[in-house]
$ cat start.cif   # mmCIF, C-alpha atoms
data_final
loop_
_atom_site.label_atom_id
_atom_site.label_comp_id
_atom_site.auth_asym_id
_atom_site.auth_seq_id
_atom_site.Cartn_x
_atom_site.Cartn_y
_atom_site.Cartn_z
CA MET A 1 -69.62 -117.81 142.38
CA ALA A 2 -66.71 -120.27 142.66
CA GLU A 3 -63.21 -118.99 141.94
CA PHE A 4 -61.89 -119.94 138.50
CA ARG A 5 -58.24 -120.83 138.10
CA THR A 6 -56.12 -121.39 135.00
CA ALA A 7 -53.31 -123.91 135.37
CA LEU A 8 -50.20 -124.26 133.24
CA VAL A 9 -48.68 -127.74 133.54
CA ALA A 10 -45.00 -127.72 132.57
CA GLY A 11 -43.82 -131.20 131.64
CA ALA A 12 -47.32 -132.30 130.64
CA ASN A 13 -46.08 -135.40 128.79
CA GLY A 14 -44.41 -136.86 131.88
CA ILE A 15 -45.78 -139.12 134.60
CA ILE A 16 -46.64 -136.26 136.95
CA GLY A 17 -47.84 -133.98 134.18
CA LYS A 18 -50.16 -136.51 132.59
CA ALA A 19 -51.89 -137.29 135.89
CA LEU A 20 -52.16 -133.56 136.64
CA MET A 21 -53.85 -132.84 133.34
CA GLN A 22 -56.37 -135.59 134.01
CA GLU A 23 -57.06 -134.42 137.57
CA LEU A 24 -57.45 -130.80 136.53
CA ALA A 25 -59.86 -131.74 133.75
CA ALA A 26 -62.05 -133.52 136.29
CA SER A 27 -61.89 -130.72 138.88
CA GLU A 28 -64.49 -127.96 139.03
CA GLY A 29 -63.16 -124.43 138.80
CA TRP A 30 -59.98 -125.29 136.89
CA HIS A 31 -58.90 -124.81 133.31
CA ALA A 32 -55.71 -126.65 132.37
CA ARG A 33 -53.20 -125.91 129.62
CA ALA A 34 -50.31 -128.25 128.76
CA LEU A 35 -46.74 -127.07 128.22
CA SER A 36 -44.15 -129.50 126.90
CA ARG A 37 -41.17 -129.73 124.59
CA ARG A 38 -42.86 -132.38 122.44
CA PRO A 39 -46.41 -131.88 121.12
CA HIS A 40 -49.02 -132.78 123.71
CA GLY A 41 -52.14 -133.13 121.63
CA SER A 42 -54.62 -131.39 123.91
CA SER A 43 -56.44 -128.21 122.96
CA GLU A 44 -54.50 -124.99 123.68
CA ALA A 45 -51.34 -127.00 124.36
CA ILE A 46 -48.08 -125.08 124.11
CA ALA A 47 -44.91 -126.64 122.69
CA ALA A 48 -41.75 -124.85 123.78
CA ASP A 49 -38.12 -125.56 124.58
CA LEU A 50 -37.69 -123.99 128.01
CA THR A 51 -33.92 -123.80 127.57
CA ASP A 52 -34.55 -121.09 124.93
CA SER A 53 -35.64 -117.93 126.75
CA GLU A 54 -36.81 -116.03 123.67
CA ALA A 55 -38.76 -118.94 122.23
CA THR A 56 -40.33 -119.58 125.63
CA ARG A 57 -41.46 -115.98 125.97
CA ALA A 58 -42.95 -115.99 122.47
CA ALA A 59 -44.82 -119.26 123.09
CA LEU A 60 -46.35 -118.02 126.33
CA GLY A 61 -48.44 -115.35 124.65
CA GLN A 62 -51.42 -117.68 124.79
CA ALA A 63 -50.83 -118.39 128.50
CA ARG A 64 -51.27 -114.83 129.72
CA ASP A 65 -54.27 -115.94 131.83
CA THR A 66 -52.21 -118.39 133.93
CA THR A 67 -52.92 -118.18 137.66
CA HIS A 68 -51.19 -121.39 138.81
CA LEU A 69 -48.06 -123.09 137.51
CA PHE A 70 -47.36 -126.75 138.15
CA TYR A 71 -43.70 -127.28 137.32
CA ALA A 72 -42.87 -130.91 136.52
CA ALA A 73 -40.42 -130.33 133.66
CA LEU A 74 -37.03 -132.03 133.77
CA ALA A 75 -34.02 -132.10 131.45
CA PRO A 76 -31.52 -134.78 132.56
CA GLN A 77 -27.87 -133.93 131.93
CA PRO A 78 -24.58 -135.87 132.06
CA SER A 79 -23.28 -134.09 135.16
CA LEU A 80 -24.76 -132.55 138.29
CA ALA A 81 -23.31 -129.15 137.36
CA ASP A 82 -24.91 -129.25 133.90
CA GLU A 83 -28.18 -130.49 135.38
CA ASP A 84 -28.18 -127.57 137.80
CA ARG A 85 -27.37 -125.01 135.12
CA VAL A 86 -29.90 -126.24 132.56
CA ASN A 87 -32.84 -126.96 134.86
CA GLY A 88 -32.35 -123.79 136.84
CA ALA A 89 -32.46 -121.76 133.63
CA MET A 90 -35.57 -123.58 132.41
CA LEU A 91 -37.67 -122.55 135.40
CA ARG A 92 -36.27 -119.03 135.29
CA ASN A 93 -37.07 -118.69 131.58
CA LEU A 94 -40.63 -119.87 132.15
CA LEU A 95 -41.24 -117.52 135.06
CA ASP A 96 -39.70 -114.60 133.15
CA GLY A 97 -41.91 -115.42 130.18
CA LEU A 98 -45.09 -115.49 132.25
CA GLU A 99 -44.12 -112.19 133.83
CA ALA A 100 -43.43 -110.67 130.42
CA VAL A 101 -46.92 -111.53 129.12
CA GLY A 102 -48.55 -110.20 132.28
CA ALA A 103 -49.88 -113.49 133.65
CA PRO A 104 -51.61 -113.03 137.05
CA LEU A 105 -49.58 -115.85 138.58
CA GLU A 106 -50.64 -116.60 142.16
CA ARG A 107 -48.76 -119.76 143.05
CA VAL A 108 -46.14 -122.19 141.73
CA VAL A 109 -46.13 -125.85 142.73
CA LEU A 110 -42.64 -127.31 142.31
CA TYR A 111 -41.77 -131.01 142.40
CA GLN A 112 -38.56 -132.24 143.98
CA GLY A 113 -37.28 -135.72 144.80
CA ALA A 114 -35.13 -137.55 147.30
CA LYS A 115 -32.01 -136.06 145.72
CA VAL A 116 -32.82 -132.91 147.67
CA TYR A 117 -31.61 -134.92 150.69
CA GLY A 118 -28.42 -136.05 148.95
CA VAL A 119 -29.34 -139.71 148.39
CA HIS A 120 -27.48 -139.68 145.06
CA LEU A 121 -24.20 -138.90 146.84
CA GLY A 122 -24.11 -141.80 149.30
CA PRO A 123 -25.72 -142.99 152.54
CA VAL A 124 -27.70 -140.31 154.38
CA PRO A 125 -29.53 -140.37 157.73
CA ALA A 126 -33.18 -141.37 157.56
CA PRO A 127 -36.04 -140.63 157.90
CA PHE A 128 -36.03 -137.39 155.94
CA TYR A 129 -37.56 -134.32 157.56
CA GLU A 130 -38.30 -131.30 155.41
CA ASP A 131 -36.96 -128.79 157.93
CA GLU A 132 -34.07 -130.66 159.53
CA ASN A 133 -31.72 -131.76 156.75
CA PRO A 134 -29.09 -129.15 155.84
CA ARG A 135 -28.27 -128.80 152.18
CA HIS A 136 -25.50 -131.02 150.92
CA ILE A 137 -22.39 -129.55 149.34
CA GLY A 138 -22.26 -129.37 145.57
CA PRO A 139 -24.66 -128.47 142.75
CA ASN A 140 -28.31 -129.51 142.96
CA PHE A 141 -30.90 -128.05 140.61
CA TYR A 142 -33.59 -128.52 143.25
CA PHE A 143 -31.81 -125.95 145.41
CA THR A 144 -31.43 -123.53 142.51
CA GLN A 145 -35.11 -123.80 141.54
CA GLU A 146 -36.29 -123.43 145.13
CA ASP A 147 -34.10 -120.37 145.67
CA GLU A 148 -35.52 -118.85 142.48
CA LEU A 149 -39.06 -119.22 143.80
CA ARG A 150 -38.14 -117.89 147.23
CA SER A 151 -36.43 -114.86 145.74
CA ARG A 152 -39.37 -113.97 143.51
CA ALA A 153 -41.87 -114.42 146.32
CA ASP A 154 -39.79 -112.15 148.56
CA ARG A 155 -39.98 -109.49 145.84
CA GLY A 156 -43.77 -109.71 145.75
CA GLY A 157 -44.10 -112.43 143.13
CA ALA A 158 -46.13 -115.60 143.19
CA ALA A 159 -46.26 -117.77 146.29
CA TRP A 160 -44.82 -121.27 146.10
CA SER A 161 -45.37 -124.77 147.46
CA ILE A 162 -43.14 -127.83 147.07
CA LEU A 163 -44.04 -131.50 146.97
CA ARG A 164 -41.35 -134.17 147.30
CA PRO A 165 -42.46 -137.52 145.89
CA ASP A 166 -40.16 -140.50 145.39
CA VAL A 167 -40.21 -142.97 142.47
CA VAL A 168 -43.44 -141.74 140.94
CA VAL A 169 -45.50 -144.58 139.46
CA GLY A 170 -47.85 -143.74 136.61
CA ASP A 171 -48.85 -144.75 133.11
CA ALA A 172 -47.17 -142.17 130.90
CA ALA A 173 -46.07 -143.96 127.73
CA GLY A 174 -42.52 -143.49 126.48
CA ASN A 175 -41.11 -142.30 129.81
CA ALA A 176 -38.00 -144.26 130.75
CA MET A 177 -38.18 -143.04 134.36
CA ASN A 178 -41.45 -144.92 134.93
CA ILE A 179 -40.54 -147.88 137.15
CA ALA A 180 -43.92 -149.52 136.49
CA THR A 181 -43.05 -149.72 132.79
CA VAL A 182 -39.56 -151.03 133.55
CA ILE A 183 -40.89 -153.82 135.79
CA GLY A 184 -43.54 -154.66 133.20
CA ALA A 185 -40.97 -154.89 130.42
CA TYR A 186 -38.72 -157.10 132.56
CA ALA A 187 -41.68 -159.38 133.37
CA ALA A 188 -42.55 -159.64 129.67
CA LEU A 189 -38.98 -160.60 128.78
CA CYS A 190 -38.93 -163.25 131.50
CA ARG A 191 -42.17 -164.69 130.15
CA VAL A 192 -40.90 -164.83 126.57
CA GLU A 193 -37.67 -166.52 127.66
CA GLY A 194 -39.43 -168.86 130.08
CA ALA A 195 -37.23 -167.51 132.87
CA ALA A 196 -38.20 -167.13 136.52
CA PHE A 197 -39.40 -163.69 137.49
CA ARG A 198 -36.57 -163.08 139.97
CA PHE A 199 -35.49 -159.81 141.53
CA PRO A 200 -32.71 -158.57 139.19
CA GLY A 201 -30.70 -156.66 141.80
CA PRO A 202 -28.31 -157.63 144.62
CA ALA A 203 -29.46 -159.66 147.61
CA HIS A 204 -28.97 -156.90 150.17
CA VAL A 205 -31.32 -154.62 148.23
CA TYR A 206 -33.91 -157.39 147.97
CA GLU A 207 -33.73 -158.31 151.65
CA SER A 208 -32.98 -155.12 153.53
CA VAL A 209 -33.36 -151.86 151.62
CA PHE A 210 -36.59 -149.97 152.07
CA ALA A 211 -38.18 -148.64 148.90
CA GLN A 212 -40.98 -146.14 148.56
CA VAL A 213 -43.14 -144.94 145.71
CA THR A 214 -45.67 -142.22 145.00
CA ASP A 215 -48.78 -142.83 142.95
CA SER A 216 -49.17 -140.16 140.26
CA GLY A 217 -52.93 -139.92 140.75
CA ALA A 218 -52.62 -139.33 144.48
CA LEU A 219 -49.83 -136.84 143.82
CA SER A 220 -52.03 -134.89 141.42
CA ARG A 221 -54.75 -134.58 144.06
CA ALA A 222 -52.18 -133.43 146.61
CA SER A 223 -50.95 -130.92 144.03
CA LEU A 224 -54.30 -129.16 143.82
CA TRP A 225 -54.27 -128.84 147.60
CA ALA A 226 -50.70 -127.48 147.51
CA ALA A 227 -51.76 -124.95 144.87
CA THR A 228 -54.67 -123.53 146.86
CA SER A 229 -54.20 -124.14 150.58
CA ASP A 230 -52.93 -121.38 152.83
CA ALA A 231 -51.22 -124.08 154.91
CA ALA A 232 -49.11 -125.05 151.88
CA ARG A 233 -47.90 -121.53 151.10
CA GLY A 234 -44.10 -121.34 151.35
CA GLU A 235 -43.80 -124.94 152.58
CA ALA A 236 -42.28 -128.20 151.35
CA PHE A 237 -43.86 -131.60 151.98
CA ASN A 238 -42.54 -135.12 151.58
CA TYR A 239 -45.26 -137.08 149.77
CA VAL A 240 -44.65 -140.82 149.62
CA HIS A 241 -46.62 -143.96 150.39
CA GLU A 242 -45.82 -146.66 152.93
CA PRO A 243 -42.19 -147.88 152.59
CA PHE A 244 -41.72 -151.52 151.64
CA ARG A 245 -39.04 -154.12 151.07
CA TRP A 246 -38.83 -155.75 147.67
CA ARG A 247 -38.99 -159.24 149.20
CA ARG A 248 -42.49 -158.35 150.47
CA VAL A 249 -43.82 -157.39 147.04
#

$ encode --input "start.cif" --output "structure tokens"
Amino acid sequence: MAEFRTALVAGANGIIGKALMQELAASEGWHARALSRRPHGSSEAIAADLTDSEATRAALGQARDTTHLFYAALAPQPSLADEDRVNGAMLRNLLDGLEAVGAPLERVVLYQGAKVYGVHLGPVPAPFYEDENPRHIGPNFYFTQEDELRSRADRGGAAWSILRPDVVVGDAAGNAMNIATVIGAYAALCRVEGAAFRFPGPAHVYESVFAQVTDSGALSRASLWAATSDAARGEAFNYVHEPFRWRRV
């Protein structure tokens, strides 16, 4: 008999979360439950503000069968220090809540981005290698979340795996971080105004800077591998598609 797994997708309304819910629904041996701050609309979905530890614990009563957590929740903040404090607490509150209800959690899949390599602070050496870049100085919620998972695993808690996409492209409506929606809106405005569909940024970005994206559907399939493979246990993986220059698009 095939093993049956119950997934909790934190951030189910986002680009990553939406694709995950779809992939899990189509995958044999998985049962998926959505967790989000705003109502999700699926059956058994949980609405909870992860910044509130007591409310989170109370809401997780119906998630006591969770075996795998896919953590794609994000709460942007005005400063790096606030972002670190808030997002670190959110993951901690969720893990504490699952522990409190006795969930048999086996593995957590965490999503990070290029900021883990310090790209938001200025030029950094490239390419990025998961095991060669030392941590930059200053607050970074990716570090705080990763350390939380490492600490719990060292104490006998759930194993962890990390995927590091960049500029995730998907079709989640209402998500301002979706570059596909941004480009589409810009194209629509150009059409209405009868303007040329020109690259809106500086010339050096158009001509020289490499960009890279990650398709949300491909990322969701990689996520199921990261959640179940022994090779992914305790490892981080960059997951991006072929780099390109905007002038080639």

$ closest_residue --input "start.cif" --among "A:Ala34, A:Ala103, A:Ala158, A:Ala227" --to "Gly14 of chain A" --atoms "all atoms listed in the file"
A:Ala34

$ residues_near_point --input "start.cif" --point "(-62.9, -124.3, 144.8)" --cutoff "12 Å" --atoms "only C-alpha atoms" --output "list in words"
Met1, Ala2, Glu3, Phe4, Arg5, Leu24, Ser27, Glu28, Gly29, Trp30, Leu224, Trp225, Ala227, Thr228 and Ser229 of chain A

$ resolve_selection --input "start.cif" --expression "the PyMOL selection byres ((chain A and resi 165) around 7)" --output "VMD selection string"
chain A and resid 112 to 113 163 to 164 166 to 168 214 238 to 240

$ write_last_selection --input "start.cif" --atoms "C-alpha atoms" --output "mmCIF file, keeping the file's coordinate frame"
data_model
loop_
_atom_site.group_PDB
_atom_site.id
_atom_site.type_symbol
_atom_site.label_atom_id
_atom_site.label_comp_id
_atom_site.auth_asym_id
_atom_site.auth_seq_id
_atom_site.Cartn_x
_atom_site.Cartn_y
_atom_site.Cartn_z
ATOM 1 C CA GLN A 112 -38.560 -132.240 143.980
ATOM 2 C CA GLY A 113 -37.280 -135.720 144.800
ATOM 3 C CA LEU A 163 -44.040 -131.500 146.970
ATOM 4 C CA ARG A 164 -41.350 -134.170 147.300
ATOM 5 C CA ASP A 166 -40.160 -140.500 145.390
ATOM 6 C CA VAL A 167 -40.210 -142.970 142.470
ATOM 7 C CA VAL A 168 -43.440 -141.740 140.940
ATOM 8 C CA THR A 214 -45.670 -142.220 145.000
ATOM 9 C CA ASN A 238 -42.540 -135.120 151.580
ATOM 10 C CA TYR A 239 -45.260 -137.080 149.770
ATOM 11 C CA VAL A 240 -44.650 -140.820 149.620
#

$ resolve_selection --input "start.cif" --expression "the PyMOL selection byres ((chain A and resi 132-137) around 7)" --output "VMD selection string"
chain A and resid 117 to 118 129 to 131 138

$ closest_residue --input "start.cif" --among "A:Phe237, A:Arg64, A:Pro202, A:His31" --to "Leu110 of chain A" --atoms "only C-alpha atoms"
A:Phe237

$ closest_residue --input "start.cif" --among "A:Ala10, A:Val124, A:Val209, A:Ala72" --to "His40 of chain A" --atoms "only C-alpha atoms"
A:Ala10

$ residues_around --input "start.cif" --residues "Thr51 of chain A" --least-positions-apart "5" --cutoff "12 Å" --atoms "all atoms listed in the file" --output "VMD selection string"
chain A and resid 36 to 37 56 to 57 73 to 75 83 85 to 94 97

$ residues_around --input "start.cif" --residues "Pro243 of chain A" --least-positions-apart "2" --cutoff "7 Å" --atoms "all atoms listed in the file" --output "PyMOL selection string"
chain A and resi 210-212+241

$ write_last_selection --input "start.cif" --atoms "C-alpha atoms" --output "PDB file, in the coordinates of the input"
ATOM      1  CA  PHE A 210     -36.590-149.970 152.070  1.00  0.00           C
ATOM      2  CA  ALA A 211     -38.180-148.640 148.900  1.00  0.00           C
ATOM      3  CA  GLN A 212     -40.980-146.140 148.560  1.00  0.00           C
ATOM      4  CA  HIS A 241     -46.620-143.960 150.390  1.00  0.00           C
TER       5      HIS A 241
END

$ decode --input "start.cif" --residues "segment 40-146 of chain A" --atoms "C-alpha atoms" --output "PDB file, in the first residue's frame"
ATOM      1  CA  HIS A  40      -8.571  30.382   0.554  1.00  0.00           C
ATOM      2  CA  GLY A  41     -11.839  28.818  -0.504  1.00  0.00           C
ATOM      3  CA  SER A  42     -10.780  25.177  -0.634  1.00  0.00           C
ATOM      4  CA  SER A  43     -12.231  22.510   1.617  1.00  0.00           C
ATOM      5  CA  GLU A  44     -10.534  22.212   5.035  1.00  0.00           C
ATOM      6  CA  ALA A  45      -8.658  25.466   4.429  1.00  0.00           C
ATOM      7  CA  ILE A  46      -7.327  27.210   7.528  1.00  0.00           C
ATOM      8  CA  ALA A  47      -7.293  30.998   7.874  1.00  0.00           C
ATOM      9  CA  ALA A  48      -4.815  32.238  10.456  1.00  0.00           C
ATOM     10  CA  ASP A  49      -2.547  35.190  11.145  1.00  0.00           C
ATOM     11  CA  LEU A  50       0.810  33.538  11.782  1.00  0.00           C
ATOM     12  CA  THR A  51       2.090  36.594  13.636  1.00  0.00           C
ATOM     13  CA  ASP A  52      -0.381  35.711  16.428  1.00  0.00           C
ATOM     14  CA  SER A  53       0.966  32.640  18.229  1.00  0.00           C
ATOM     15  CA  GLU A  54      -2.196  31.878  20.217  1.00  0.00           C
ATOM     16  CA  ALA A  55      -4.521  32.269  17.249  1.00  0.00           C
ATOM     17  CA  THR A  56      -2.212  30.120  15.141  1.00  0.00           C
ATOM     18  CA  ARG A  57      -2.177  27.335  17.702  1.00  0.00           C
ATOM     19  CA  ALA A  58      -5.967  27.412  18.001  1.00  0.00           C
ATOM     20  CA  ALA A  59      -6.442  27.301  14.218  1.00  0.00           C
ATOM     21  CA  LEU A  60      -4.135  24.320  13.789  1.00  0.00           C
ATOM     22  CA  GLY A  61      -6.396  21.951  15.693  1.00  0.00           C
ATOM     23  CA  GLN A  62      -7.734  20.674  12.385  1.00  0.00           C
ATOM     24  CA  ALA A  63      -4.193  20.175  11.031  1.00  0.00           C
ATOM     25  CA  ARG A  64      -3.076  17.636  13.610  1.00  0.00           C
ATOM     26  CA  ASP A  65      -2.567  15.047  10.834  1.00  0.00           C
ATOM     27  CA  THR A  66       0.068  17.138   9.006  1.00  0.00           C
ATOM     28  CA  THR A  67       3.105  15.134   7.902  1.00  0.00           C
ATOM     29  CA  HIS A  68       4.695  17.679   5.534  1.00  0.00           C
ATOM     30  CA  LEU A  69       4.813  21.463   5.711  1.00  0.00           C
ATOM     31  CA  PHE A  70       5.463  23.586   2.642  1.00  0.00           C
ATOM     32  CA  TYR A  71       6.302  27.052   3.938  1.00  0.00           C
ATOM     33  CA  ALA A  72       5.725  29.780   1.336  1.00  0.00           C
ATOM     34  CA  ALA A  73       4.274  32.466   3.626  1.00  0.00           C
ATOM     35  CA  LEU A  74       5.759  35.957   3.532  1.00  0.00           C
ATOM     36  CA  ALA A  75       5.004  39.204   5.348  1.00  0.00           C
ATOM     37  CA  PRO A  76       6.934  42.117   3.765  1.00  0.00           C
ATOM     38  CA  GLN A  77       8.031  44.822   6.197  1.00  0.00           C
ATOM     39  CA  PRO A  78       9.475  48.346   5.849  1.00  0.00           C
ATOM     40  CA  SER A  79      12.938  47.397   7.122  1.00  0.00           C
ATOM     41  CA  LEU A  80      15.188  44.342   7.009  1.00  0.00           C
ATOM     42  CA  ALA A  81      15.203  44.158  10.808  1.00  0.00           C
ATOM     43  CA  ASP A  82      11.396  44.172  10.979  1.00  0.00           C
ATOM     44  CA  GLU A  83      11.197  41.656   8.146  1.00  0.00           C
ATOM     45  CA  ASP A  84      13.547  39.362  10.037  1.00  0.00           C
ATOM     46  CA  ARG A  85      11.663  39.699  13.310  1.00  0.00           C
ATOM     47  CA  VAL A  86       8.176  39.207  11.870  1.00  0.00           C
ATOM     48  CA  ASN A  87       8.899  36.409   9.402  1.00  0.00           C
ATOM     49  CA  GLY A  88      11.084  34.529  11.833  1.00  0.00           C
ATOM     50  CA  ALA A  89       8.289  34.593  14.402  1.00  0.00           C
ATOM     51  CA  MET A  90       5.707  33.446  11.851  1.00  0.00           C
ATOM     52  CA  LEU A  91       7.533  30.213  11.071  1.00  0.00           C
ATOM     53  CA  ARG A  92       8.268  29.633  14.743  1.00  0.00           C
ATOM     54  CA  ASN A  93       4.610  30.149  15.694  1.00  0.00           C
ATOM     55  CA  LEU A  94       3.484  27.701  13.025  1.00  0.00           C
ATOM     56  CA  LEU A  95       5.965  25.022  14.048  1.00  0.00           C
ATOM     57  CA  ASP A  96       5.115  25.493  17.733  1.00  0.00           C
ATOM     58  CA  GLY A  97       1.424  25.205  16.886  1.00  0.00           C
ATOM     59  CA  LEU A  98       1.880  21.971  14.945  1.00  0.00           C
ATOM     60  CA  GLU A  99       3.924  20.558  17.804  1.00  0.00           C
ATOM     61  CA  ALA A 100       1.270  21.581  20.312  1.00  0.00           C
ATOM     62  CA  VAL A 101      -1.487  19.695  18.456  1.00  0.00           C
ATOM     63  CA  GLY A 102       0.705  16.611  18.093  1.00  0.00           C
ATOM     64  CA  ALA A 103       1.145  16.685  14.314  1.00  0.00           C
ATOM     65  CA  PRO A 104       3.453  13.869  13.092  1.00  0.00           C
ATOM     66  CA  LEU A 105       5.544  16.317  11.074  1.00  0.00           C
ATOM     67  CA  GLU A 106       8.237  14.572   9.032  1.00  0.00           C
ATOM     68  CA  ARG A 107       9.670  17.298   6.833  1.00  0.00           C
ATOM     69  CA  VAL A 108       9.482  21.040   6.167  1.00  0.00           C
ATOM     70  CA  VAL A 109      10.161  22.492   2.731  1.00  0.00           C
ATOM     71  CA  LEU A 110      11.230  26.132   3.023  1.00  0.00           C
ATOM     72  CA  TYR A 111      11.472  28.602   0.154  1.00  0.00           C
ATOM     73  CA  GLN A 112      14.220  31.198   0.007  1.00  0.00           C
ATOM     74  CA  GLY A 113      15.302  33.624  -2.705  1.00  0.00           C
ATOM     75  CA  ALA A 114      18.377  35.344  -4.065  1.00  0.00           C
ATOM     76  CA  LYS A 115      18.429  37.658  -1.044  1.00  0.00           C
ATOM     77  CA  VAL A 116      20.008  34.772   0.834  1.00  0.00           C
ATOM     78  CA  TYR A 117      23.127  35.639  -1.202  1.00  0.00           C
ATOM     79  CA  GLY A 118      22.900  39.353  -0.393  1.00  0.00           C
ATOM     80  CA  VAL A 119      21.766  40.616  -3.807  1.00  0.00           C
ATOM     81  CA  HIS A 120      19.607  43.268  -2.120  1.00  0.00           C
ATOM     82  CA  LEU A 121      22.692  44.862  -0.549  1.00  0.00           C
ATOM     83  CA  GLY A 122      24.756  45.474  -3.681  1.00  0.00           C
ATOM     84  CA  PRO A 123      26.877  43.622  -6.252  1.00  0.00           C
ATOM     85  CA  VAL A 124      27.821  40.080  -5.241  1.00  0.00           C
ATOM     86  CA  PRO A 125      30.010  37.459  -6.943  1.00  0.00           C
ATOM     87  CA  ALA A 126      28.184  35.108  -9.290  1.00  0.00           C
ATOM     88  CA  PRO A 127      27.277  32.352  -9.932  1.00  0.00           C
ATOM     89  CA  PHE A 128      25.730  31.462  -6.593  1.00  0.00           C
ATOM     90  CA  TYR A 129      26.689  28.163  -4.996  1.00  0.00           C
ATOM     91  CA  GLU A 130      24.624  26.859  -2.110  1.00  0.00           C
ATOM     92  CA  ASP A 131      27.634  25.788  -0.036  1.00  0.00           C
ATOM     93  CA  GLU A 132      30.224  28.444  -0.882  1.00  0.00           C
ATOM     94  CA  ASN A 133      28.704  31.842  -0.117  1.00  0.00           C
ATOM     95  CA  PRO A 134      29.206  32.968   3.491  1.00  0.00           C
ATOM     96  CA  ARG A 135      26.309  34.755   5.107  1.00  0.00           C
ATOM     97  CA  HIS A 136      26.262  38.496   4.672  1.00  0.00           C
ATOM     98  CA  ILE A 137      26.315  40.816   7.666  1.00  0.00           C
ATOM     99  CA  GLY A 138      22.999  42.174   8.882  1.00  0.00           C
ATOM    100  CA  PRO A 139      19.477  40.827   9.404  1.00  0.00           C
ATOM    101  CA  ASN A 140      17.990  38.369   6.930  1.00  0.00           C
ATOM    102  CA  PHE A 141      14.838  36.426   7.736  1.00  0.00           C
ATOM    103  CA  TYR A 142      15.985  33.577   5.502  1.00  0.00           C
ATOM    104  CA  PHE A 143      18.861  32.962   7.908  1.00  0.00           C
ATOM    105  CA  THR A 144      16.580  33.111  10.935  1.00  0.00           C
ATOM    106  CA  GLN A 145      14.084  30.668   9.424  1.00  0.00           C
ATOM    107  CA  GLU A 146      16.800  28.267   8.297  1.00  0.00           C
TER     108      GLU A 146
END
